[in-house]
Amino acid sequence: MIFANPAYLYLLLLLVPLLGWYIWKMRRNQASMQIPSSRAFVPARTNTWKVYLRHLPHVLRMAAIACLIVVLARPQSTDNWQNSTTEGIDIILAIDISTSMLAEDLKPNRLEASKNVAAAFINGRRNDNIGLVVFSGESFTQCPLTTDHAILLNLFKDIRSGMIEDGTAIGLGLANAVSRIKDSQAISKVIILLTDGSNNRGEIAPVTAAEIARTFGIRVYAIGVGTKGEAPYPFQTAFGVRYQNIPVDIDEPTLKQIAATTGGQYFRATDNTSLKAIYAEIDRMEKTKISVQEFSKKQEEYRNIALLVFALLLLEMLLRYTLFKKIP
C-alpha cells in the first residue's frame, strides 16, 4: 500500500491535541465541591453500560477524522515492477488485398480467411509488437508496430479488397513492410508476406526487397494462398453474382527465393486448415526469449475508507442524539 499524497498523513498528529482537549473537558465537567453523602450506608450499585460507553461517540468521531485523513492521502495498491523472461518479437503482416483475393477456394474467401487466421495469430502473441501493411497495385501501412492489439484488430477488420488500386505489387508491399520494421531494436524481426499472385505492379522487384530485408536482419515467411489448378471466383453481372473458375497463378519460385534470401520459409495454403497450420508453425518457430519489466497499474483504494468515514459519523450522530443525549 502506498499513498499518492503522503504529506496529509501528518494531520494524524492533530488527533493527539484533540484527545488531550477531550480529557481536559471531561475533568473540567466533574464536580469541584464535595459534600457529605450517605454512600457508606447504601449498598454499592453497579455502574450501567451507559457509563462505560459514554466515551464511544467521541471515539467514533476520532476514528472518522483519522479515516478522512487517510482518504485525503489517497491510498493506492502497490505498484508491481518485476523482471521476467518472456517470448516476444516484432512482426509485420504484409497482406495482399487485390481483387483475386476474393476467390472462394478458401472460405468465405481468401481475404476473409486470411484475416480471421491472422487475427487468431495476433491474439496468441500478446507480448509482441505487431504491425499491418496491405498491398495490391500500391501499398500502405494500415497499422504501425504496436502492442495495443485491440486497436490493431479493429483496423484489421476494416481492410477489404478495392481499398487501393488493383494489381499485385509484391515487391512494393514487402519494401513497405521492411521500412516499418527496419529501425526496430528487437532481437528478432519478422515479416509474414501473404499473397495469391505474381508481381505485376510497382517499381521494386520482390527479390530486391528481399535483399533489403536481409540487410536489416529481417526474416520473411512467405505464404502463397490458393488451391492448385482453378478456383471459383464471383463475378458481378446484370443477373447477379455468377461464379467462374479462374486459374490460380502464384509465383512460387519468387516467394521461395524471398524466403531463402532472408532466412525465412515458404508455405503454401490451399485451404483454411492448411493456412491455420502455417500460422501455427510460424508461431512455434518464432519464440525469442527476451527480458521485460512487467508493471501493474495503480489502483485507488480510498473508496471503502470513505464509506467507513460516512458510517462512523452516522453512528456517532445517532448515539450522541439518542442514547447519550445530554439534557442542559
# chains A, B, ... in the order shown; residues from 1 in each chain; ligands from 1
$ select_by_dssp --residues "segment 62-198 of chain A" --states "helix (DSSP H, G or I)" --output "JSON, numbers by chain"
{"A": [62, 63, 64, 65, 66, 67, 68, 69, 70, 71, 72, 99, 100, 101, 102, 110, 111, 112, 113, 114, 115, 116, 117, 118, 119, 120, 121, 122, 123, 149, 150, 151, 152, 153, 154, 155, 156, 157, 158, 170, 171, 172, 173, 174, 175, 176, 177, 178, 179, 180, 181]}
$ residues_around --residues "segment 163-172 of chain A" --least-positions-apart "5" --cutoff "12 Å" --atoms "only C-alpha atoms" --output "PyMOL selection string"
chain A and resi 94-101+133-142+158+177-179+193-213+222-224+249-251+254-255+258
$ write_last_selection --atoms "C-alpha atoms" --output "mmCIF file, in the first residue's frame"
data_model
loop_
_atom_site.group_PDB
_atom_site.id
_atom_site.type_symbol
_atom_site.label_atom_id
_atom_site.label_comp_id
_atom_site.auth_asym_id
_atom_site.auth_seq_id
_atom_site.Cartn_x
_atom_site.Cartn_y
_atom_site.Cartn_z
ATOM 1 C CA ALA A 94 2.016 -7.815 -45.213
ATOM 2 C CA ILE A 95 -1.263 -8.942 -46.770
ATOM 3 C CA ASP A 96 -2.334 -8.925 -50.403
ATOM 4 C CA ILE A 97 -5.788 -7.288 -50.820
ATOM 5 C CA SER A 98 -6.028 -7.467 -54.614
ATOM 6 C CA THR A 99 -9.359 -8.479 -56.147
ATOM 7 C CA SER A 100 -8.083 -12.015 -56.771
ATOM 8 C CA MET A 101 -8.173 -12.486 -53.001
ATOM 9 C CA VAL A 133 0.824 -3.464 -44.202
ATOM 10 C CA VAL A 134 -1.586 -4.061 -47.091
ATOM 11 C CA PHE A 135 -0.834 -4.032 -50.795
ATOM 12 C CA SER A 136 -2.330 -4.634 -54.221
ATOM 13 C CA GLY A 137 -1.286 -2.286 -57.061
ATOM 14 C CA GLU A 138 0.031 0.061 -54.339
ATOM 15 C CA SER A 139 0.912 -0.369 -50.680
ATOM 16 C CA PHE A 140 0.252 1.487 -47.446
ATOM 17 C CA THR A 141 0.602 0.935 -43.716
ATOM 18 C CA GLN A 142 -2.692 0.114 -42.039
ATOM 19 C CA ASP A 158 -11.518 -2.538 -41.951
ATOM 20 C CA ALA A 177 6.923 -3.677 -44.555
ATOM 21 C CA VAL A 178 10.727 -3.521 -44.361
ATOM 22 C CA SER A 179 10.635 0.266 -43.923
ATOM 23 C CA LEU A 193 4.112 -11.927 -46.503
ATOM 24 C CA LEU A 194 0.813 -13.340 -47.782
ATOM 25 C CA THR A 195 -0.210 -13.217 -51.450
ATOM 26 C CA ASP A 196 -2.133 -15.212 -54.032
ATOM 27 C CA GLY A 197 -0.488 -13.970 -57.211
ATOM 28 C CA SER A 198 2.585 -12.879 -59.133
ATOM 29 C CA ASN A 199 4.249 -9.490 -59.049
ATOM 30 C CA ASN A 200 2.842 -7.327 -61.855
ATOM 31 C CA ARG A 201 2.967 -3.794 -60.467
ATOM 32 C CA GLY A 202 5.305 -1.484 -58.574
ATOM 33 C CA GLU A 203 8.795 -0.161 -59.133
ATOM 34 C CA ILE A 204 10.549 -2.552 -56.731
ATOM 35 C CA ALA A 205 11.244 -6.171 -57.642
ATOM 36 C CA PRO A 206 10.327 -8.702 -54.936
ATOM 37 C CA VAL A 207 13.841 -10.159 -54.817
ATOM 38 C CA THR A 208 15.340 -6.656 -54.439
ATOM 39 C CA ALA A 209 13.020 -6.003 -51.497
ATOM 40 C CA ALA A 210 14.099 -9.352 -50.009
ATOM 41 C CA GLU A 211 17.763 -8.348 -50.257
ATOM 42 C CA ILE A 212 16.972 -5.098 -48.443
ATOM 43 C CA ALA A 213 15.215 -7.113 -45.730
ATOM 44 C CA ALA A 222 6.115 -16.095 -47.455
ATOM 45 C CA ILE A 223 2.661 -17.660 -47.783
ATOM 46 C CA GLY A 224 1.077 -18.472 -51.136
ATOM 47 C CA ASP A 249 -1.300 -18.157 -60.576
ATOM 48 C CA ILE A 250 1.111 -17.972 -57.622
ATOM 49 C CA ASP A 251 4.746 -17.150 -58.347
ATOM 50 C CA THR A 254 9.921 -15.945 -56.385
ATOM 51 C CA LEU A 255 8.276 -16.437 -52.991
ATOM 52 C CA ILE A 258 12.378 -14.291 -50.954
#
$ residues_around --residues "segment 259-262 of chain A" --least-positions-apart "6" --cutoff "6 Å" --atoms "only C-alpha atoms" --output "number ranges by chain"
A: 214, 219-221
$ write_last_selection --atoms "N, CA and C atoms" --output "PDB file, in the first residue's frame"
ATOM      1  N   ARG A 214      17.124  -8.606 -45.882  1.00  0.00           N
ATOM      2  CA  ARG A 214      18.280  -9.348 -45.349  1.00  0.00           C
ATOM      3  C   ARG A 214      19.316  -8.392 -44.768  1.00  0.00           C
ATOM      4  N   ARG A 219      13.716 -11.565 -41.236  1.00  0.00           N
ATOM      5  CA  ARG A 219      13.299 -12.813 -41.861  1.00  0.00           C
ATOM      6  C   ARG A 219      11.913 -12.643 -42.473  1.00  0.00           C
ATOM      7  N   VAL A 220      11.711 -13.248 -43.635  1.00  0.00           N
ATOM      8  CA  VAL A 220      10.415 -13.176 -44.313  1.00  0.00           C
ATOM      9  C   VAL A 220       9.852 -14.585 -44.446  1.00  0.00           C
ATOM     10  N   TYR A 221       8.659 -14.769 -43.884  1.00  0.00           N
ATOM     11  CA  TYR A 221       7.906 -16.006 -44.104  1.00  0.00           C
ATOM     12  C   TYR A 221       6.865 -15.702 -45.173  1.00  0.00           C
TER      13      TYR A 221
END
$ residues_around --residues "Asn5 of chain A" --least-positions-apart "6" --cutoff "8 Å" --atoms "only C-alpha atoms" --output "number ranges by chain"
A: 72-74
$ write_last_selection --atoms "C-alpha atoms" --output "CSV table (one decimal), in the first residue's frame"
chain,number,residue,atom,x,y,z
A,72,LEU,CA,-7.0,12.7,1.6
A,73,ALA,CA,-3.7,10.9,1.4
A,74,ARG,CA,-5.2,8.7,-1.4
$ residues_around --residues "Val248 of chain A" --least-positions-apart "4" --cutoff "7 Å" --atoms "only C-alpha atoms" --output "number ranges by chain"
A: 226-231
$ write_last_selection --atoms "C-alpha atoms" --output "CSV table (one decimal), in the first residue's frame"
chain,number,residue,atom,x,y,z
A,226,GLY,CA,-4.8,-20.6,-53.2
A,227,THR,CA,-5.7,-24.1,-54.3
A,228,LYS,CA,-3.9,-25.9,-57.1
A,229,GLY,CA,-5.4,-25.6,-60.5
A,230,GLU,CA,-8.5,-23.4,-60.7
A,231,ALA,CA,-10.6,-21.6,-58.1
$ closest_residue --among "A:Arg61, A:Val16, A:Ala186, A:Lys115" --to "Phe310 of chain A" --atoms "only C-alpha atoms"
A:Arg61
$ select_by_dssp --residues "segment 95-212 of chain A" --states "strand (DSSP E)" --output "list in words"
Ile95, Asp96, Asn129, Ile130, Gly131, Leu132, Val133, Val134, Phe135, Ser139, Phe140, Thr141, Gln142, Cys143, Pro144, Leu145, Thr146, Lys189, Val190, Ile191, Ile192, Leu193, Leu194 and Thr195 of chain A
$ write_last_selection --atoms "N, CA, C and O atoms" --output "mmCIF file, in the first residue's frame"
data_model
loop_
_atom_site.group_PDB
_atom_site.id
_atom_site.type_symbol
_atom_site.label_atom_id
_atom_site.label_comp_id
_atom_site.auth_asym_id
_atom_site.auth_seq_id
_atom_site.Cartn_x
_atom_site.Cartn_y
_atom_site.Cartn_z
ATOM 1 N N ILE A 95 -0.173 -8.145 -46.213
ATOM 2 C CA ILE A 95 -1.263 -8.942 -46.770
ATOM 3 C C ILE A 95 -1.723 -8.372 -48.110
ATOM 4 O O ILE A 95 -1.988 -7.174 -48.238
ATOM 5 N N ASP A 96 -1.833 -9.248 -49.063
ATOM 6 C CA ASP A 96 -2.334 -8.925 -50.403
ATOM 7 C C ASP A 96 -3.851 -8.708 -50.319
ATOM 8 O O ASP A 96 -4.579 -9.555 -49.798
ATOM 9 N N ASN A 129 5.239 -6.793 -30.560
ATOM 10 C CA ASN A 129 4.879 -5.628 -31.368
ATOM 11 C C ASN A 129 4.475 -6.140 -32.743
ATOM 12 O O ASN A 129 5.266 -6.815 -33.410
ATOM 13 N N ILE A 130 3.269 -5.835 -33.171
ATOM 14 C CA ILE A 130 2.785 -6.319 -34.457
ATOM 15 C C ILE A 130 2.227 -5.145 -35.261
ATOM 16 O O ILE A 130 1.533 -4.288 -34.705
ATOM 17 N N GLY A 131 2.543 -5.097 -36.535
ATOM 18 C CA GLY A 131 2.022 -4.071 -37.424
ATOM 19 C C GLY A 131 1.381 -4.699 -38.650
ATOM 20 O O GLY A 131 1.502 -5.905 -38.883
ATOM 21 N N LEU A 132 0.722 -3.866 -39.446
ATOM 22 C CA LEU A 132 -0.016 -4.378 -40.605
ATOM 23 C C LEU A 132 0.219 -3.492 -41.823
ATOM 24 O O LEU A 132 0.008 -2.274 -41.771
ATOM 25 N N VAL A 133 0.655 -4.115 -42.902
ATOM 26 C CA VAL A 133 0.824 -3.464 -44.202
ATOM 27 C C VAL A 133 -0.061 -4.191 -45.198
ATOM 28 O O VAL A 133 -0.120 -5.431 -45.195
ATOM 29 N N VAL A 134 -0.773 -3.437 -46.042
ATOM 30 C CA VAL A 134 -1.586 -4.061 -47.091
ATOM 31 C C VAL A 134 -1.069 -3.580 -48.450
ATOM 32 O O VAL A 134 -0.495 -2.499 -48.569
ATOM 33 N N PHE A 135 -1.289 -4.410 -49.457
ATOM 34 C CA PHE A 135 -0.834 -4.032 -50.795
ATOM 35 C C PHE A 135 -1.712 -4.699 -51.841
ATOM 36 O O PHE A 135 -2.334 -5.734 -51.625
ATOM 37 N N SER A 139 0.762 0.160 -52.034
ATOM 38 C CA SER A 139 0.912 -0.369 -50.680
ATOM 39 C C SER A 139 0.827 0.770 -49.673
ATOM 40 O O SER A 139 1.275 1.891 -49.951
ATOM 41 N N PHE A 140 0.232 0.498 -48.537
ATOM 42 C CA PHE A 140 0.252 1.487 -47.446
ATOM 43 C C PHE A 140 0.197 0.764 -46.110
ATOM 44 O O PHE A 140 -0.148 -0.425 -46.027
ATOM 45 N N THR A 141 0.567 1.493 -45.069
ATOM 46 C CA THR A 141 0.602 0.935 -43.716
ATOM 47 C C THR A 141 -0.753 1.134 -43.054
ATOM 48 O O THR A 141 -1.177 2.264 -42.821
ATOM 49 N N GLN A 142 -1.412 0.046 -42.736
ATOM 50 C CA GLN A 142 -2.692 0.114 -42.039
ATOM 51 C C GLN A 142 -2.493 0.356 -40.551
ATOM 52 O O GLN A 142 -3.264 1.074 -39.919
ATOM 53 N N CYS A 143 -1.425 -0.214 -39.980
ATOM 54 C CA CYS A 143 -1.132 -0.010 -38.558
ATOM 55 C C CYS A 143 0.361 -0.200 -38.327
ATOM 56 O O CYS A 143 0.923 -1.228 -38.706
ATOM 57 N N PRO A 144 1.046 0.765 -37.722
ATOM 58 C CA PRO A 144 2.472 0.590 -37.408
ATOM 59 C C PRO A 144 2.640 -0.417 -36.272
ATOM 60 O O PRO A 144 1.660 -0.862 -35.674
ATOM 61 N N LEU A 145 3.875 -0.762 -35.958
ATOM 62 C CA LEU A 145 4.138 -1.699 -34.872
ATOM 63 C C LEU A 145 3.513 -1.206 -33.576
ATOM 64 O O LEU A 145 3.692 -0.059 -33.174
ATOM 65 N N THR A 146 2.792 -2.090 -32.907
ATOM 66 C CA THR A 146 2.130 -1.713 -31.667
ATOM 67 C C THR A 146 1.904 -2.943 -30.794
ATOM 68 O O THR A 146 1.784 -4.069 -31.302
ATOM 69 N N LYS A 189 13.265 -9.829 -35.913
ATOM 70 C CA LYS A 189 12.351 -9.038 -36.750
ATOM 71 C C LYS A 189 11.833 -9.921 -37.878
ATOM 72 O O LYS A 189 12.620 -10.523 -38.606
ATOM 73 N N VAL A 190 10.506 -9.962 -37.998
ATOM 74 C CA VAL A 190 9.884 -10.911 -38.926
ATOM 75 C C VAL A 190 8.816 -10.211 -39.759
ATOM 76 O O VAL A 190 8.070 -9.366 -39.255
ATOM 77 N N ILE A 191 8.741 -10.589 -41.033
ATOM 78 C CA ILE A 191 7.641 -10.173 -41.908
ATOM 79 C C ILE A 191 6.931 -11.432 -42.394
ATOM 80 O O ILE A 191 7.580 -12.377 -42.853
ATOM 81 N N ILE A 192 5.608 -11.442 -42.249
ATOM 82 C CA ILE A 192 4.803 -12.526 -42.807
ATOM 83 C C ILE A 192 4.126 -11.968 -44.051
ATOM 84 O O ILE A 192 3.242 -11.123 -43.969
ATOM 85 N N LEU A 193 4.582 -12.423 -45.209
ATOM 86 C CA LEU A 193 4.112 -11.927 -46.503
ATOM 87 C C LEU A 193 3.105 -12.912 -47.083
ATOM 88 O O LEU A 193 3.436 -14.077 -47.341
ATOM 89 N N LEU A 194 1.875 -12.456 -47.291
ATOM 90 C CA LEU A 194 0.813 -13.340 -47.782
ATOM 91 C C LEU A 194 0.270 -12.796 -49.095
ATOM 92 O O LEU A 194 -0.142 -11.636 -49.179
ATOM 93 N N THR A 195 0.288 -13.633 -50.132
ATOM 94 C CA THR A 195 -0.210 -13.217 -51.450
ATOM 95 C C THR A 195 -0.762 -14.413 -52.202
ATOM 96 O O THR A 195 -0.463 -15.574 -51.872
#
$ closest_residue --among "A:Leu18, A:Ile218, A:Glu300, A:Asn272" --to "His58 of chain A" --atoms "only C-alpha atoms"
A:Leu18
$ closest_residue --among "A:Ile122, A:Pro232, A:Arg160, A:Gly263" --to "Ser188 of chain A" --atoms "only C-alpha atoms"
A:Gly263
$ residues_around --residues "Thr273 of chain A" --least-positions-apart "3" --cutoff "12 Å" --atoms "only C-alpha atoms" --output "VMD selection string"
chain A and resid 105 to 107 113 to 114 116 to 117 225 268 to 270 276 to 280
$ write_last_selection --atoms "all heavy atoms" --output "compact mmCIF listing (two decimals), in the first residue's frame"
# COMPACT_ATOMS: atom_id res chain seq x y z
N ASP A 105 -11.83 -20.37 -52.99
CA ASP A 105 -11.28 -21.69 -52.70
C ASP A 105 -11.01 -21.83 -51.20
O ASP A 105 -10.98 -22.96 -50.68
CB ASP A 105 -10.03 -21.97 -53.52
CG ASP A 105 -9.08 -20.78 -53.57
OD1 ASP A 105 -9.45 -19.70 -53.08
OD2 ASP A 105 -7.96 -20.94 -54.10
N LEU A 106 -10.81 -20.71 -50.50
CA LEU A 106 -10.83 -20.67 -49.04
C LEU A 106 -12.14 -20.03 -48.63
O LEU A 106 -12.70 -19.20 -49.36
CB LEU A 106 -9.65 -19.88 -48.48
CG LEU A 106 -8.31 -20.66 -48.35
CD1 LEU A 106 -7.69 -20.90 -49.71
CD2 LEU A 106 -7.34 -19.92 -47.44
N LYS A 107 -12.66 -20.38 -47.49
CA LYS A 107 -13.98 -19.92 -47.09
C LYS A 107 -13.90 -18.85 -45.99
O LYS A 107 -13.12 -19.01 -45.06
CB LYS A 107 -14.84 -21.10 -46.61
CG LYS A 107 -14.99 -22.20 -47.66
CD LYS A 107 -15.64 -21.68 -48.93
CE LYS A 107 -15.79 -22.77 -49.98
NZ LYS A 107 -16.33 -22.26 -51.25
N ALA A 113 -10.60 -15.31 -44.99
CA ALA A 113 -9.94 -16.42 -44.29
C ALA A 113 -8.58 -15.98 -43.75
O ALA A 113 -8.20 -16.31 -42.62
CB ALA A 113 -9.78 -17.61 -45.24
N SER A 114 -7.84 -15.20 -44.57
CA SER A 114 -6.53 -14.71 -44.13
C SER A 114 -6.66 -13.77 -42.95
O SER A 114 -5.86 -13.82 -42.00
CB SER A 114 -5.83 -14.00 -45.30
OG SER A 114 -5.64 -14.88 -46.39
N ASN A 116 -9.11 -13.75 -40.69
CA ASN A 116 -9.53 -14.49 -39.50
C ASN A 116 -8.38 -15.26 -38.86
O ASN A 116 -8.21 -15.25 -37.64
CB ASN A 116 -10.66 -15.47 -39.87
CG ASN A 116 -11.94 -14.76 -40.26
OD1 ASN A 116 -12.17 -13.61 -39.88
ND2 ASN A 116 -12.79 -15.42 -41.03
N VAL A 117 -7.58 -15.92 -39.68
CA VAL A 117 -6.46 -16.70 -39.15
C VAL A 117 -5.39 -15.77 -38.58
O VAL A 117 -4.81 -16.04 -37.52
CB VAL A 117 -5.88 -17.62 -40.24
CG1 VAL A 117 -4.64 -18.34 -39.72
CG2 VAL A 117 -6.92 -18.62 -40.70
N VAL A 225 -1.34 -18.21 -51.10
CA VAL A 225 -2.71 -18.60 -50.76
C VAL A 225 -3.47 -18.97 -52.03
O VAL A 225 -3.58 -18.16 -52.96
CB VAL A 225 -3.44 -17.47 -50.02
CG1 VAL A 225 -4.87 -17.90 -49.67
CG2 VAL A 225 -2.69 -17.08 -48.76
N ARG A 268 2.63 -23.02 -48.56
CA ARG A 268 1.51 -22.96 -49.49
C ARG A 268 0.23 -23.33 -48.74
O ARG A 268 0.14 -24.39 -48.12
CB ARG A 268 1.73 -23.91 -50.65
CG ARG A 268 0.56 -23.96 -51.67
CD ARG A 268 0.47 -22.66 -52.45
NE ARG A 268 -0.62 -22.69 -53.42
CZ ARG A 268 -0.50 -23.08 -54.69
NH1 ARG A 268 0.68 -23.51 -55.13
NH2 ARG A 268 -1.53 -23.05 -55.51
N ALA A 269 -0.75 -22.41 -48.77
CA ALA A 269 -2.04 -22.64 -48.10
C ALA A 269 -3.09 -22.89 -49.17
O ALA A 269 -3.45 -21.97 -49.91
CB ALA A 269 -2.41 -21.44 -47.24
N THR A 270 -3.58 -24.11 -49.23
CA THR A 270 -4.58 -24.46 -50.24
C THR A 270 -6.00 -24.45 -49.68
O THR A 270 -6.95 -24.54 -50.45
CB THR A 270 -4.27 -25.85 -50.82
OG1 THR A 270 -4.23 -26.80 -49.75
CG2 THR A 270 -2.93 -25.84 -51.55
N LYS A 276 -4.25 -22.22 -41.28
CA LYS A 276 -4.13 -22.21 -39.81
C LYS A 276 -2.87 -22.95 -39.38
O LYS A 276 -2.17 -22.51 -38.46
CB LYS A 276 -5.36 -22.86 -39.19
CG LYS A 276 -6.64 -22.07 -39.34
CD LYS A 276 -7.83 -22.82 -38.73
CE LYS A 276 -9.12 -22.05 -38.94
NZ LYS A 276 -10.29 -22.80 -38.39
N ALA A 277 -2.58 -24.06 -40.03
CA ALA A 277 -1.40 -24.84 -39.68
C ALA A 277 -0.12 -24.05 -39.95
O ALA A 277 0.86 -24.16 -39.20
CB ALA A 277 -1.40 -26.16 -40.45
N ILE A 278 -0.12 -23.26 -41.01
CA ILE A 278 1.06 -22.45 -41.35
C ILE A 278 1.31 -21.40 -40.28
O ILE A 278 2.44 -21.24 -39.80
CB ILE A 278 0.86 -21.79 -42.73
CG1 ILE A 278 0.93 -22.84 -43.83
CG2 ILE A 278 1.92 -20.70 -42.96
CD1 ILE A 278 0.48 -22.34 -45.19
N TYR A 279 0.26 -20.70 -39.87
CA TYR A 279 0.44 -19.69 -38.82
C TYR A 279 0.86 -20.35 -37.51
O TYR A 279 1.64 -19.78 -36.74
CB TYR A 279 -0.85 -18.89 -38.64
CG TYR A 279 -0.92 -17.65 -39.51
CD1 TYR A 279 -1.60 -17.67 -40.72
CD2 TYR A 279 -0.32 -16.47 -39.12
CE1 TYR A 279 -1.67 -16.54 -41.53
CE2 TYR A 279 -0.37 -15.33 -39.90
CZ TYR A 279 -1.05 -15.38 -41.11
OH TYR A 279 -1.10 -14.25 -41.91
N ALA A 280 0.33 -21.53 -37.23
CA ALA A 280 0.73 -22.24 -36.02
C ALA A 280 2.21 -22.62 -36.08
O ALA A 280 2.92 -22.56 -35.07
CB ALA A 280 -0.13 -23.49 -35.84
$ atom_distance --atom1 "atom CA of Lys182 of chain A" --atom2 "atom CA of Phe156 of chain A"
21.9 Å
$ closest_residue --among "A:Pro247, A:Pro57, A:Gly124, A:Pro253" --to "Leu312 of chain A" --atoms "only C-alpha atoms"
A:Pro57
$ atom_distance --atom1 "atom CA of Tyr233 of chain A" --atom2 "atom CA of Ala119 of chain A"
24.1 Å
$ atom_distance --atom1 "atom CA of Gln265 of chain A" --atom2 "atom CA of Arg110 of chain A"
20.5 Å
$ closest_residue --among "A:Ala66, A:Arg28, A:Glu281, A:Pro108" --to "Tyr8 of chain A" --atoms "only C-alpha atoms"
A:Ala66
